[in-house]
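With compact mmCIF, C-alpha atoms and all ligand atoms inside, this is coords-v2.txt:
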```txt
# COMPACT_ATOMS: atom_id res chain seq x y z
CA MET A 25 0.00 0.00 0.00
CA SER A 26 1.58 3.27 -1.06
CA ILE A 27 -0.29 5.47 1.41
CA LEU A 28 0.68 5.44 5.07
CA LEU A 29 -2.00 4.18 7.51
CA PRO A 30 -4.48 3.04 4.85
CA THR A 31 -8.00 3.01 6.29
CA SER A 32 -10.71 0.40 5.80
CA THR A 33 -13.72 -1.04 7.62
CA ALA A 34 -14.04 -4.54 9.05
CA GLY A 35 -16.76 -5.26 6.51
CA SER A 36 -20.48 -4.75 6.81
CA LEU A 37 -22.22 -1.39 6.56
CA PRO A 38 -25.89 -0.53 7.22
CA LYS A 39 -28.41 -1.40 4.54
CA PRO A 40 -30.60 1.40 3.19
CA SER A 41 -34.16 1.11 4.52
CA TRP A 42 -35.55 0.65 0.99
CA LEU A 43 -33.46 -2.54 0.69
CA ALA A 44 -33.85 -4.21 4.09
CA GLU A 45 -35.11 -3.45 7.56
CA PRO A 46 -32.46 -1.13 9.07
CA GLU A 47 -30.52 -1.40 12.34
CA THR A 48 -30.78 -5.15 12.67
CA ILE A 49 -28.87 -8.21 11.51
CA TRP A 50 -30.46 -11.06 9.54
CA SER A 51 -33.07 -8.53 8.37
CA ALA A 52 -35.45 -9.52 5.59
CA TRP A 53 -35.12 -8.04 2.10
CA ARG A 54 -37.77 -5.52 1.13
CA LEU A 55 -37.43 -6.21 -2.60
CA GLU A 56 -37.56 -9.37 -4.66
CA GLY A 57 -36.55 -10.78 -8.04
CA GLU A 58 -34.89 -8.38 -10.50
CA ALA A 59 -35.66 -5.42 -8.25
CA LEU A 60 -33.70 -7.04 -5.43
CA ILE A 61 -30.66 -7.65 -7.62
CA GLU A 62 -30.77 -4.06 -8.82
CA GLY A 63 -31.38 -2.78 -5.29
CA LYS A 64 -28.36 -4.62 -3.89
CA GLN A 65 -26.14 -3.16 -6.62
CA ASP A 66 -27.49 0.33 -5.98
CA ALA A 67 -26.85 -0.06 -2.24
CA LEU A 68 -23.32 -1.21 -2.99
CA ARG A 69 -22.83 1.90 -5.14
CA VAL A 70 -24.16 4.12 -2.34
CA TRP A 71 -21.71 2.70 0.22
CA LEU A 72 -18.80 2.78 -2.19
CA HIS A 73 -19.56 6.46 -2.66
CA GLU A 74 -19.90 7.01 1.11
CA GLN A 75 -16.54 5.36 1.75
CA GLN A 76 -14.93 7.48 -0.95
CA GLN A 77 -16.51 10.69 0.39
CA ALA A 78 -15.14 9.83 3.82
CA GLY A 79 -11.67 9.24 2.37
CA ILE A 80 -11.48 5.51 3.15
CA ASP A 81 -8.48 4.05 1.33
CA ILE A 82 -9.33 0.35 1.01
CA VAL A 83 -13.00 0.07 0.09
CA SER A 84 -15.45 -2.81 0.31
CA ASP A 85 -18.96 -3.74 -0.79
CA GLY A 86 -20.26 -3.07 2.73
CA GLU A 87 -21.78 -6.57 2.44
CA GLN A 88 -24.85 -5.04 0.77
CA THR A 89 -25.59 -8.20 -1.22
CA ARG A 90 -25.73 -10.53 1.77
CA GLN A 91 -28.14 -10.97 4.60
CA HIS A 92 -25.59 -12.34 7.05
CA PHE A 93 -21.81 -12.75 6.97
CA VAL A 94 -21.94 -16.53 7.49
CA THR A 95 -25.33 -17.86 6.42
CA THR A 96 -25.48 -16.14 3.04
CA PHE A 97 -22.31 -17.97 1.98
CA ILE A 98 -23.61 -21.29 3.31
CA GLU A 99 -26.94 -20.85 1.48
CA HIS A 100 -25.07 -21.23 -1.79
CA LEU A 101 -23.55 -24.61 -0.87
CA ASP A 102 -24.80 -28.13 -1.43
CA GLY A 103 -25.08 -30.46 1.57
CA VAL A 104 -26.79 -28.00 3.93
CA ASP A 105 -30.55 -28.18 4.49
CA PHE A 106 -32.04 -24.82 5.52
CA THR A 107 -35.48 -26.32 6.20
CA GLN A 108 -34.07 -28.73 8.77
CA ARG A 109 -33.19 -26.46 11.68
CA GLU A 110 -31.71 -27.18 15.08
CA THR A 111 -31.09 -24.88 18.01
CA VAL A 112 -27.43 -24.78 18.96
CA LYS A 113 -25.36 -22.56 21.19
CA ILE A 114 -23.15 -20.52 18.86
CA ARG A 115 -19.80 -19.02 19.94
CA ASP A 116 -20.55 -20.91 23.18
CA ARG A 117 -22.71 -17.88 23.98
CA TYR A 118 -26.24 -17.73 22.62
CA ASP A 119 -28.87 -20.08 21.20
CA ALA A 120 -29.63 -19.75 17.52
CA SER A 121 -31.76 -21.75 15.12
CA VAL A 122 -29.34 -22.96 12.46
CA PRO A 123 -29.50 -25.13 9.31
CA THR A 124 -28.29 -28.73 9.25
CA VAL A 125 -25.40 -30.34 7.36
CA VAL A 126 -27.08 -33.38 5.82
CA GLY A 127 -24.49 -34.54 3.27
CA ALA A 128 -21.11 -33.80 1.70
CA VAL A 129 -20.68 -30.02 1.37
CA SER A 130 -19.67 -28.48 -1.95
CA ARG A 131 -19.89 -25.22 -3.86
CA LYS A 132 -21.94 -25.62 -7.01
CA ASN A 133 -21.38 -22.07 -8.29
CA PRO A 134 -19.31 -19.03 -7.32
CA VAL A 135 -21.00 -17.17 -4.46
CA PHE A 136 -19.75 -13.57 -4.43
CA VAL A 137 -17.60 -13.44 -7.56
CA ASP A 138 -20.08 -11.43 -9.68
CA ASP A 139 -20.56 -8.96 -6.81
CA ALA A 140 -16.80 -8.55 -6.51
CA LYS A 141 -16.51 -7.96 -10.25
CA PHE A 142 -19.22 -5.29 -9.95
CA LEU A 143 -17.32 -3.54 -7.16
CA ARG A 144 -14.08 -3.82 -9.16
CA GLN A 145 -15.74 -2.18 -12.20
CA ASN A 146 -16.82 0.75 -10.06
CA THR A 147 -13.50 1.78 -8.50
CA THR A 148 -9.78 1.77 -9.11
CA GLN A 149 -9.06 1.87 -5.34
CA PRO A 150 -7.79 -1.25 -3.53
CA ILE A 151 -10.73 -3.47 -2.60
CA LYS A 152 -11.19 -5.90 0.28
CA TRP A 153 -13.64 -8.79 0.31
CA ALA A 154 -14.80 -10.63 3.43
CA LEU A 155 -15.63 -14.33 3.63
CA PRO A 156 -16.56 -16.33 6.71
CA GLY A 157 -13.73 -18.40 8.18
CA PRO A 158 -14.02 -22.20 8.27
CA MET A 159 -14.32 -22.49 12.06
CA THR A 160 -16.99 -19.79 12.30
CA MET A 161 -18.96 -21.53 9.52
CA VAL A 162 -18.83 -24.80 11.47
CA ASP A 163 -19.96 -22.96 14.59
CA THR A 164 -23.05 -21.55 12.83
CA LEU A 165 -24.47 -24.97 11.79
CA TYR A 166 -25.75 -28.24 13.15
CA ASP A 167 -23.71 -31.11 11.67
CA ALA A 168 -25.59 -34.39 11.20
CA HIS A 169 -23.22 -35.71 8.54
CA TYR A 170 -19.49 -35.42 9.36
CA LYS A 171 -19.99 -35.30 13.12
CA SER A 172 -16.54 -33.76 13.40
CA ARG A 173 -15.99 -30.00 13.64
CA GLU A 174 -12.45 -30.43 12.36
CA GLN A 175 -13.41 -32.44 9.31
CA LEU A 176 -16.26 -30.09 8.39
CA ALA A 177 -13.91 -27.09 8.78
CA TRP A 178 -11.48 -28.77 6.42
CA GLU A 179 -14.21 -29.30 3.79
CA PHE A 180 -15.23 -25.63 4.13
CA ALA A 181 -11.60 -24.54 3.79
CA VAL A 182 -11.39 -26.30 0.40
CA ILE A 183 -14.61 -24.55 -0.73
CA LEU A 184 -13.42 -21.16 0.58
CA ASN A 185 -10.17 -21.60 -1.30
CA GLN A 186 -12.08 -22.14 -4.57
CA GLU A 187 -14.09 -18.97 -3.93
CA ALA A 188 -11.01 -16.98 -2.85
CA ARG A 189 -9.06 -17.88 -5.99
CA GLU A 190 -11.94 -16.62 -8.14
CA LEU A 191 -12.27 -13.43 -6.07
CA GLU A 192 -8.56 -12.83 -6.59
CA ALA A 193 -8.99 -13.35 -10.35
CA ALA A 194 -11.86 -10.82 -10.23
CA GLY A 195 -9.40 -8.21 -8.95
CA VAL A 196 -9.85 -8.32 -5.18
CA ASP A 197 -6.71 -7.00 -3.44
CA ILE A 198 -7.34 -8.30 0.09
CA ILE A 199 -9.41 -11.34 1.02
CA GLN A 200 -10.47 -11.34 4.67
CA PHE A 201 -11.75 -14.31 6.63
CA ASP A 202 -14.03 -13.51 9.57
CA GLU A 203 -13.24 -15.75 12.53
CA PRO A 204 -14.96 -14.45 15.69
CA SER A 205 -14.81 -18.11 16.83
CA PHE A 206 -11.05 -17.67 17.26
CA ASN A 207 -11.83 -15.62 20.37
CA VAL A 208 -13.72 -18.50 21.99
CA PHE A 209 -12.42 -21.98 21.13
CA PHE A 210 -8.71 -21.61 21.81
CA ASP A 211 -7.77 -25.29 21.86
CA GLU A 212 -9.51 -25.90 18.55
CA VAL A 213 -7.96 -22.78 17.03
CA ASN A 214 -4.50 -24.06 17.84
CA ASP A 215 -5.27 -27.70 16.96
CA TRP A 216 -6.90 -27.16 13.57
CA GLY A 217 -8.51 -23.69 13.22
CA ILE A 218 -5.44 -21.88 11.94
CA ALA A 219 -4.47 -24.89 9.79
CA ALA A 220 -7.91 -24.81 8.17
CA LEU A 221 -7.50 -21.10 7.50
CA GLU A 222 -4.12 -21.75 5.88
CA ARG A 223 -5.81 -24.30 3.63
CA ALA A 224 -8.35 -21.61 2.65
CA VAL A 225 -5.58 -19.20 1.52
CA GLU A 226 -3.45 -21.81 -0.24
CA GLY A 227 -2.05 -20.60 -3.57
CA LEU A 228 -3.36 -17.02 -3.27
CA ASN A 229 -1.16 -14.15 -4.39
CA CYS A 230 -3.36 -11.34 -3.11
CA GLU A 231 -3.12 -10.24 0.52
CA THR A 232 -5.00 -12.29 3.09
CA ALA A 233 -6.48 -11.20 6.41
CA VAL A 234 -8.16 -12.79 9.40
CA HIS A 235 -10.66 -10.73 11.40
CA ILE A 236 -11.04 -11.67 15.07
CA CYS A 237 -13.36 -9.56 17.18
CA TYR A 238 -15.78 -9.51 20.08
CA GLY A 239 -18.73 -9.29 17.71
CA TYR A 240 -21.39 -6.90 16.54
CA GLY A 241 -22.90 -4.53 19.09
CA ILE A 242 -25.85 -6.86 19.76
CA LYS A 243 -27.08 -7.68 23.27
CA ALA A 244 -25.71 -11.26 23.42
CA ASN A 245 -22.26 -9.86 22.73
CA THR A 246 -22.37 -6.85 25.01
CA ASP A 247 -23.64 -9.10 27.84
CA TRP A 248 -20.79 -11.54 27.19
CA LYS A 249 -18.22 -8.74 27.24
CA LYS A 250 -19.41 -7.80 30.74
CA THR A 251 -18.30 -11.26 31.93
CA LEU A 252 -14.77 -10.97 30.55
CA GLY A 253 -13.33 -8.90 33.35
CA SER A 254 -11.16 -5.82 33.19
CA GLU A 255 -8.47 -7.29 30.93
CA TRP A 256 -9.42 -9.17 27.77
CA ARG A 257 -6.54 -11.54 27.09
CA GLN A 258 -8.31 -13.84 24.58
CA TYR A 259 -5.99 -12.78 21.75
CA GLU A 260 -3.02 -14.00 23.75
CA GLU A 261 -4.18 -17.61 23.24
CA VAL A 262 -4.10 -17.49 19.44
CA PHE A 263 -1.55 -14.82 18.54
CA PRO A 264 1.61 -16.95 18.84
CA LYS A 265 0.40 -19.45 16.25
CA LEU A 266 -1.10 -16.73 14.03
CA GLN A 267 2.25 -14.96 14.06
CA GLN A 268 3.75 -18.12 12.55
CA SER A 269 0.96 -18.46 9.96
CA SER A 270 0.97 -17.40 6.31
CA LEU A 271 -1.84 -14.86 6.82
CA ASP A 272 -0.62 -11.33 5.94
CA ILE A 273 -3.00 -9.19 7.99
CA ILE A 274 -4.67 -9.59 11.37
CA SER A 275 -7.80 -7.51 11.98
CA LEU A 276 -8.53 -6.76 15.63
CA GLU A 277 -10.81 -4.95 18.05
CA CYS A 278 -9.15 -2.20 20.11
CA GLN A 279 -11.36 0.89 20.49
CA ASN A 280 -13.07 1.02 23.92
CA SER A 281 -12.06 -2.59 24.42
CA HIS A 282 -10.22 -4.04 27.38
CA VAL A 283 -7.61 -5.73 25.19
CA PRO A 284 -4.18 -4.90 26.65
CA ILE A 285 -2.49 -3.13 23.76
CA ASP A 286 0.89 -4.76 24.46
CA LEU A 287 -0.53 -8.09 23.23
CA LEU A 288 0.18 -6.69 19.75
CA GLU A 289 3.84 -7.41 20.43
CA LEU A 290 2.97 -11.12 19.99
CA ILE A 291 2.17 -10.57 16.32
CA ARG A 292 4.93 -8.11 15.52
CA GLY A 293 5.78 -8.43 11.82
CA LYS A 294 2.18 -8.92 10.70
CA LYS A 295 0.14 -6.10 9.22
CA ILE A 296 -2.48 -5.04 11.76
CA MET A 297 -5.95 -3.80 10.84
CA LEU A 298 -6.58 -2.06 14.10
CA GLY A 299 -10.12 -1.40 15.28
CA ALA A 300 -10.10 2.27 16.22
CA ILE A 301 -13.89 2.64 15.93
CA ASP A 302 -16.28 1.08 18.46
CA VAL A 303 -19.25 -0.49 16.64
CA ALA A 304 -21.20 -1.22 19.84
CA THR A 305 -22.13 2.41 20.54
CA ASN A 306 -23.89 5.17 18.64
CA THR A 307 -21.44 7.70 20.02
CA ILE A 308 -19.22 8.86 17.19
CA GLU A 309 -15.55 8.97 18.09
CA THR A 310 -13.72 12.25 17.73
CA PRO A 311 -10.76 12.21 15.32
CA GLU A 312 -8.52 12.78 18.35
CA GLU A 313 -9.89 9.66 20.09
CA VAL A 314 -9.14 7.61 16.98
CA ALA A 315 -5.66 9.14 16.80
CA ALA A 316 -5.02 8.29 20.46
CA THR A 317 -5.79 4.61 19.83
CA LEU A 318 -3.51 4.56 16.78
CA ARG A 319 -0.74 6.27 18.73
CA LYS A 320 -0.91 3.58 21.43
CA ALA A 321 -0.78 0.82 18.82
CA LEU A 322 2.27 2.35 17.17
CA GLN A 323 4.30 1.38 20.23
CA PHE A 324 3.87 -2.24 19.13
CA VAL A 325 3.20 -2.08 15.38
CA ASP A 326 5.66 -0.86 12.76
CA VAL A 327 4.24 2.24 11.11
CA ASP A 328 4.15 0.74 7.62
CA LYS A 329 2.10 -2.16 8.96
CA LEU A 330 -0.67 -0.25 10.73
CA TYR A 331 -4.05 -0.23 8.96
CA PRO A 332 -6.66 1.83 10.87
CA SER A 333 -10.06 0.13 10.78
CA THR A 334 -13.26 -0.54 12.75
CA ASN A 335 -13.70 -3.04 15.61
CA CYS A 336 -16.23 -5.06 13.62
CA GLY A 337 -18.93 -4.59 11.01
CA MET A 338 -21.35 -1.67 11.26
CA ALA A 339 -24.45 -3.39 9.78
CA PRO A 340 -26.64 -2.87 12.90
CA LEU A 341 -25.93 0.88 13.15
CA ALA A 342 -27.95 3.77 11.73
CA ARG A 343 -26.58 5.08 8.42
CA GLU A 344 -25.86 8.51 9.90
CA VAL A 345 -23.84 6.95 12.71
CA ALA A 346 -21.85 4.72 10.34
CA ARG A 347 -21.15 7.70 8.09
CA GLY A 348 -19.92 9.74 11.07
CA LYS A 349 -17.66 6.90 12.18
CA LEU A 350 -16.13 6.57 8.69
CA ASN A 351 -15.33 10.29 8.74
CA ALA A 352 -13.82 10.03 12.23
CA LEU A 353 -11.64 7.08 11.20
CA SER A 354 -10.32 8.94 8.22
CA ALA A 355 -9.70 12.18 10.14
CA GLY A 356 -8.01 10.30 13.00
CA ALA A 357 -5.62 8.55 10.63
CA GLU A 358 -4.83 11.91 9.01
CA ILE A 359 -3.83 13.38 12.40
CA ILE A 360 -1.22 10.64 12.83
CA ARG A 361 0.01 10.94 9.23
CA ARG A 362 0.65 14.63 9.85
CA GLU A 363 2.45 13.89 13.13
CA LEU A 364 4.67 11.37 11.40
CA LYS A 365 5.62 13.89 8.72
CA ALA A 366 6.41 16.63 11.22
ZN ZN B 1 -16.20 -8.69 13.77
```
Kindly transcribe the structure held in the file into structure tokens.
Amino acid sequence: MSILLPTSTAGSLPKPSWLAEPETIWSAWRLEGEALIEGKQDALRVWLHEQQQAGIDIVSDGEQTRQHFVTTFIEHLDGVDFTQRETVKIRDRYDASVPTVVGAVSRKNPVFVDDAKFLRQNTTQPIKWALPGPMTMVDTLYDAHYKSREQLAWEFAVILNQEARELEAAGVDIIQFDEPSFNVFFDEVNDWGIAALERAVEGLNCETAVHICYGYGIKANTDWKKTLGSEWRQYEEVFPKLQQSSLDIISLECQNSHVPIDLLELIRGKKIMLGAIDVATNTIETPEEVAATLRKALQFVDVDKLYPSTNCGMAPLAREVARGKLNALSAGAEIIRRELKA
């Protein structure tokens, strides 16, 4: 990246109210058929424009074409029955009604490749595309077929690799895998989670990222955070092995979080997409607050490897709030760029 401190978001952005019910996740589409396809593309254009207006350097689709960061990908696969639902505890935290794996999983067609091509046609800026990580996919399903989380993750990794290679060919610069599960199942992460992720990025030449966060600002997550105590040391469990991995970028939550900033030392050498925007509050950060978080991180991250970003996706926020937070991110990064030049 030629610019210093290139800014980006973790991924999702709010959907316009004419496309889907706002300020909620898993919200139903308000259009159908051809109108829905056109509406999703228009919403993508809107958020591309918003990101550009705010001065965001690495832009994304804002996940305007998907209902949910995990299930929309799974809907396109064979071997999963969405009519057969079971209630499972996901992220070891809250009950959710999820579809069932009933046979061998496979990808019959590309899932997001046309959407990525559409984004690519609309900008010459670097683009980032998010996919769910294999472990988080496993953790959002009931498995009646493989009966092994590890084996199912491995099958998903192969499928994700097929999709990622086609996204790369479509011109995506950074492919990001969302793995909130990495903050919960530490033994599994170290046993097979990171290995599965490495299988998913096999043979890619574009940059690859893993996003590990404490989740959207929904109640189940904010309640969970209250139980984590004054120091959140979850990252400490997975950083050593991630540092050794082939992933280029690690995307993390830092703003208003109780993550001790010195844990970043454990992944020194990696590029860090640092969450400097809290997505669990409607309060818009001031540029100076963003700058203060970046300044702290620079004690442990080399300046050419710091990528200011958001803690997580902003899908559940109001559009005005998300827009304000994009502007704050951009302005905060600019404060530090100016300091570095001085
Ligand atoms: Zn997240």
Which residues are close to Asp202 of chain A, i.e. within 10 Å by all atoms listed in the file, leaving aside same-chain residues fewer than 3 positions away? Reply as a tab-separated table (two decimals) with C-alpha atoms, in the frame of the given file.
```
chain	number	residue	atom	x	y	z
A	34	ALA	CA	-14.04	-4.54	9.05
A	35	GLY	CA	-16.76	-5.26	6.51
A	93	PHE	CA	-21.81	-12.75	6.97
A	94	VAL	CA	-21.94	-16.53	7.49
A	154	ALA	CA	-14.80	-10.63	3.43
A	155	LEU	CA	-15.63	-14.33	3.63
A	156	PRO	CA	-16.56	-16.33	6.71
A	157	GLY	CA	-13.73	-18.40	8.18
A	158	PRO	CA	-14.02	-22.20	8.27
A	159	MET	CA	-14.32	-22.49	12.06
A	160	THR	CA	-16.99	-19.79	12.30
A	161	MET	CA	-18.96	-21.53	9.52
A	199	ILE	CA	-9.41	-11.34	1.02
A	205	SER	CA	-14.81	-18.11	16.83
A	206	PHE	CA	-11.05	-17.67	17.26
A	233	ALA	CA	-6.48	-11.20	6.41
A	234	VAL	CA	-8.16	-12.79	9.40
A	235	HIS	CA	-10.66	-10.73	11.40
A	236	ILE	CA	-11.04	-11.67	15.07
A	237	CYS	CA	-13.36	-9.56	17.18
A	275	SER	CA	-7.80	-7.51	11.98
A	336	CYS	CA	-16.23	-5.06	13.62
```
Exercise. For Thr147 of chain A, which of A:Gln186, A:Ser26, A:Gln76, A:Ser281 is the closest residue, counting all atoms listed in the file?
Worked result: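 Of all the options, A:Gln76 lies closest to Thr147 of chain A.
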For this session: Name all residues at most 8 Å from Glu87 of chain A (count all atoms listed in the file; drop same-chain ones fewer than 3 positions away) and give them as a list in words.
Result: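 My reading of the contact set: Gly35, Ser36, Leu37, Leu68, Ser84, Arg90 and Phe93 of chain A.
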Write the residues you've just listed into a file as a PDB file, in the frame of the given file, and include C-alpha atoms for each of them.
```pdb
ATOM      1  CA  GLY A  35     -16.760  -5.260   6.510  1.00  0.00           C
ATOM      2  CA  SER A  36     -20.480  -4.750   6.810  1.00  0.00           C
ATOM      3  CA  LEU A  37     -22.220  -1.390   6.560  1.00  0.00           C
ATOM      4  CA  LEU A  68     -23.320  -1.210  -2.990  1.00  0.00           C
ATOM      5  CA  SER A  84     -15.450  -2.810   0.310  1.00  0.00           C
ATOM      6  CA  ARG A  90     -25.730 -10.530   1.770  1.00  0.00           C
ATOM      7  CA  PHE A  93     -21.810 -12.750   6.970  1.00  0.00           C
TER       8      PHE A  93
END
```
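You will find atom CA of Gly356 of chain A at 12.5 Å from atom CA of Leu298 of chain A.
Comparing the minimum interatomic distances between ligand ZN 1 (chain B) and each of A:Leu143, A:Ala181, A:Ile27, A:Val303, counting all atoms listed in the file, we find that A:Val303 sits nearest.
Remark: for ligand ZN 1 (chain B), the closest of the candidate residues A:Ala78, A:Gly57, A:Asn245, A:Leu228 is A:Asn245 (distances computed over all atoms listed in the file).
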For this session: Just the residues within 12 Å of Pro123 of chain A, please, counting only C-alpha atoms, with nothing from its chain fewer than 5 positions along; format it as a list in words.
Result: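 Here the answer would be Val94, Thr95, Thr96, Ile98, Glu99, Leu101, Gly103, Val104, Asp105, Phe106, Thr107, Gln108, Arg109, Glu110, Thr111, Val112, Met161, Val162, Asp163, Thr164, Leu165, Tyr166, Asp167 and Ala168 of chain A.
Closest approach to ligand ZN 1 (chain B) from the set A:Ser333, A:Ser354, A:Thr307, A:Ser51 is made by A:Ser333, with distances taken over all atoms listed in the file.
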Exercise. Thr89 of chain A: which residues within 10 Å, counting only C-alpha atoms, same-chain residues fewer than 3 positions away excluded, as a ChimeraX atom specification?
Worked result: /A:39,43,60-61,63-68,85-86,92,96,136,139
Please produce an output containing C-alpha atoms for each residue in the selection, written as a PDB file, in the coordinates of the input.
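Final output, part37.pdb:
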```
ATOM      1  CA  LYS A  39     -28.410  -1.400   4.540  1.00  0.00           C
ATOM      2  CA  LEU A  43     -33.460  -2.540   0.690  1.00  0.00           C
ATOM      3  CA  LEU A  60     -33.700  -7.040  -5.430  1.00  0.00           C
ATOM      4  CA  ILE A  61     -30.660  -7.650  -7.620  1.00  0.00           C
ATOM      5  CA  GLY A  63     -31.380  -2.780  -5.290  1.00  0.00           C
ATOM      6  CA  LYS A  64     -28.360  -4.620  -3.890  1.00  0.00           C
ATOM      7  CA  GLN A  65     -26.140  -3.160  -6.620  1.00  0.00           C
ATOM      8  CA  ASP A  66     -27.490   0.330  -5.980  1.00  0.00           C
ATOM      9  CA  ALA A  67     -26.850  -0.060  -2.240  1.00  0.00           C
ATOM     10  CA  LEU A  68     -23.320  -1.210  -2.990  1.00  0.00           C
ATOM     11  CA  ASP A  85     -18.960  -3.740  -0.790  1.00  0.00           C
ATOM     12  CA  GLY A  86     -20.260  -3.070   2.730  1.00  0.00           C
ATOM     13  CA  HIS A  92     -25.590 -12.340   7.050  1.00  0.00           C
ATOM     14  CA  THR A  96     -25.480 -16.140   3.040  1.00  0.00           C
ATOM     15  CA  PHE A 136     -19.750 -13.570  -4.430  1.00  0.00           C
ATOM     16  CA  ASP A 139     -20.560  -8.960  -6.810  1.00  0.00           C
TER      17      ASP A 139
END
```
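Remark: for ligand ZN 1 (chain B), the closest of the candidate residues A:Thr31, A:Thr310, A:Asn207, A:Gln258 is A:Asn207 (distances computed over all atoms listed in the file).
Shortest atom-to-atom contact with ligand ZN 1 (chain B) among A:Gly253, A:Pro340, A:Gly239, A:Gly299: A:Gly239, counting all atoms listed in the file.
Here atom CA of Glu45 of chain A is placed at a distance of 24.8 Å from atom CA of Ser32 of chain A.
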For this session: For atom CA of Ile285 of chain A and atom CA of Arg362 of chain A, quote the distance in Å rounded to one decimal.
Result: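 Between atom CA of Ile285 of chain A and atom CA of Arg362 of chain A the gap is 22.8 Å.
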For this session: Would you mind listing what lies within 10 Å of segment 261-265 of chain A as a list in words, with only C-alpha atoms counted and same-chain residues fewer than 2 positions away left out?
Result: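 Here the qualifying residues turn out to be Phe206, Asn207, Val208, Phe209, Phe210, Asp211, Val213, Asn214, Gly217, Ile218, Ala219, Arg257, Gln258, Tyr259, Gln267, Gln268, Ser269, Ile274, Leu287, Leu288, Glu289, Leu290, Ile291 and Arg292 of chain A.
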For the interface of segment 57-140 of chain A with segment 357-360 of chain A (cut-off 12 Å, counting only C-alpha atoms), please tabulate each contacting residue of segment 57-140 of chain A alongside its nearest pair of atoms and their separation in Å to one decimal, rows sorted by chain and increasing number, as a Markdown table.
```
| residue | atom | partner | partner_atom | distance |
| --- | --- | --- | --- | --- |
| A:Ala78 | CA | A:Glu358 | CA | 11.7 |
| A:Gly79 | CA | A:Glu358 | CA | 9.9 |
| A:Ile80 | CA | A:Ala357 | CA | 10.0 |
| A:Asp81 | CA | A:Ala357 | CA | 10.7 |
```
